[in-house]
Amino acid sequence: MLLSREFATHGLGLVEITAEVASAVAEAKVQEGLCTLFIQHTSASLTIQENADPSARRDLGRWLERLVPPNDPDFTHTEEGPDDMPSHIKAALTSTTLGIPIQQGRLALGTWQGIFLWEHRSSPKRRRLLIHIGS
Amino acid sequence: MLLSREFATHGLGLVEITAEVASAVAEAKVQEGLCTLFIQHTSASLTIQENADPSARRDLGRWLERLVPPNDPDFTHTEEGPDDMPSHIKAALTSTTLGIPIQQGRLALGTWQGIFLWEHRSSPKRRRLLIHIGS
Amino acid sequence: MLLSREFATHGLGLVEITAEVASAVAEAKVQEGLCTLFIQHTSASLTIQENADPSARRDLGRWLERLVPPNDPDFTHTEEGPDDMPSHIKAALTSTTLGIPIQQGRLALGTWQGIFLWEHRSSPKRRRLLIHIGS
């Protein structure tokens with residue numbers, strides 16, 4: 001089963017999408033299997049992170065922004081703006097795809113795990129996620 | 001088929017889990033398929049690395065510790081100690097999930113590849129790994 | 001269905017393999033499913049990146065080379081040369097495995113996404129990729 005979902009982002013930062021993915025899994029009515037997520041972009045990515053304290057996500061986002069700052073004098077791919085090349089690097093360092101087991105009809109996430117879409121461009125975007133559910 | 005395994009870690013560093021995953025694959029009796037690993041934590045992760053020379057793992061671990069040191073003055077998520085926020089960042093930069101093909105009933109790893117659980121907290125922990133085996 | 005493909009690389013940098021993977025998917029005649037890629041090496045990796053402008057790949061490669069330079073005085077795993085340890089670190093920071101959905105018989109890549117094999121050794125190599133196609 002293959003589902004498609006669109007998400008609005010609000011510039012740099014992580015957007016939690018756990019509820020939307022869990023709802024797709026419920027819709028598929030698969031008791032045991034594998035849910036594979038795939039984001040159809042190269043300037044946004046996916047990650048599984050702490051879902052309890054928002055400060056962990058904020059620190060994570062800021063740390064990566066510091067590692068890959070805009071306006072790096074070595075960048076030549078700059079036509080789309082100073083946040084374009086950093087967005088591709090951040091996507092390469094994180095995940096375009098994730099595989100999460102399904103157990104008793106639900107995503108088998110750990111207690112503190114949430115699924116996040118990570119926007120690496122400065123301006124709000126609409127991002128498309130594919131959700132494959134297999135047994 | 002979905003299996004669950006628990007591993008003890010010993011503070012920062014990589015623990016080889018190839019034999020345990022290979023044994024789960026043998027138990028599943030699948031000739032050709034896909035083995036997906038998922039770690040249910042956000043302060044430990046997975047990686048496939050050189051299995052021959054332990055110095056490669058040591059250098060890898062130390063390099064990442066240098067890239068993401070504790071006590072970063074920009075961190076605000078510090079309640080659980082100085083190794084908490086670095087552990088989340090290291091997990092985001094490595095892998096929460098891995099997909100390994102099964103060929104002739106065995107994990108189709110390359111000659112020098114081993115599967116490792118990467119502990120990012122300073123103290124020993126018990127870590128849960130889910131193993132999904134599909135065809 | 002499990003296929004195996006070999007690719008020649010030309011030293012440090014990204015080699016596009018989208019056409020070869022698309023051809024394997026066409027061969028499998030699966031209308032809807034999941035294509036999982038697995039590279040059988042620890043000194044080369046996989047990534048999904050911008051396929052339009054080669055300058056994005058060049059900048060990405062150079063940025064990672066600057067982050068993980070050879071001849072780091074902390075490296076002890078140096079027998080195979082100065083590019084050996086950096087190659088393992090770069091592989092750990094990127095991807096050994098990718099899962100891409102199949103939709104209407106084709107890889108469901110986004111408009112600007114291409115699949116790349118990333119060589120992290122200085123000299124040309126032959127690299128083996130496994131392609132698992134499931135439903």
# chains A, B, ... in the order shown; residues from 1 in each chain; ligands from 1

$ interface_residues --of "chain A" --to "chain B" --cutoff "10 Å" --atoms "only C-alpha atoms" --output "ChimeraX atom specification"
/A:32-34,46-51,53-64,67,90,92-95,97-103,108-114,134-135

$ select_by_dssp --residues "chain B" --states "strand (DSSP E or B)" --output "count of residues only"
51

$ atom_distance --atom1 "atom CA of Ile17 of chain C" --atom2 "atom CA of Ser45 of chain C"
12.2 Å

$ select_by_dssp --residues "chain B" --states "helix (DSSP H, G or I)" --output "ChimeraX atom specification"
/B:18-28,54-67,84-93

$ atom_distance --atom1 "atom CA of Val30 of chain B" --atom2 "atom CA of Gly105 of chain C"
25.1 Å

$ atom_distance --atom1 "atom CA of Ala24 of chain C" --atom2 "atom CA of Gln104 of chain C"
14.5 Å

$ residues_around --residues "Lys125 of chain C" --least-positions-apart "5" --cutoff "8 Å" --atoms "only C-alpha atoms" --output "list in words"
Ala8, Thr9, His10 and Gly11 of chain C
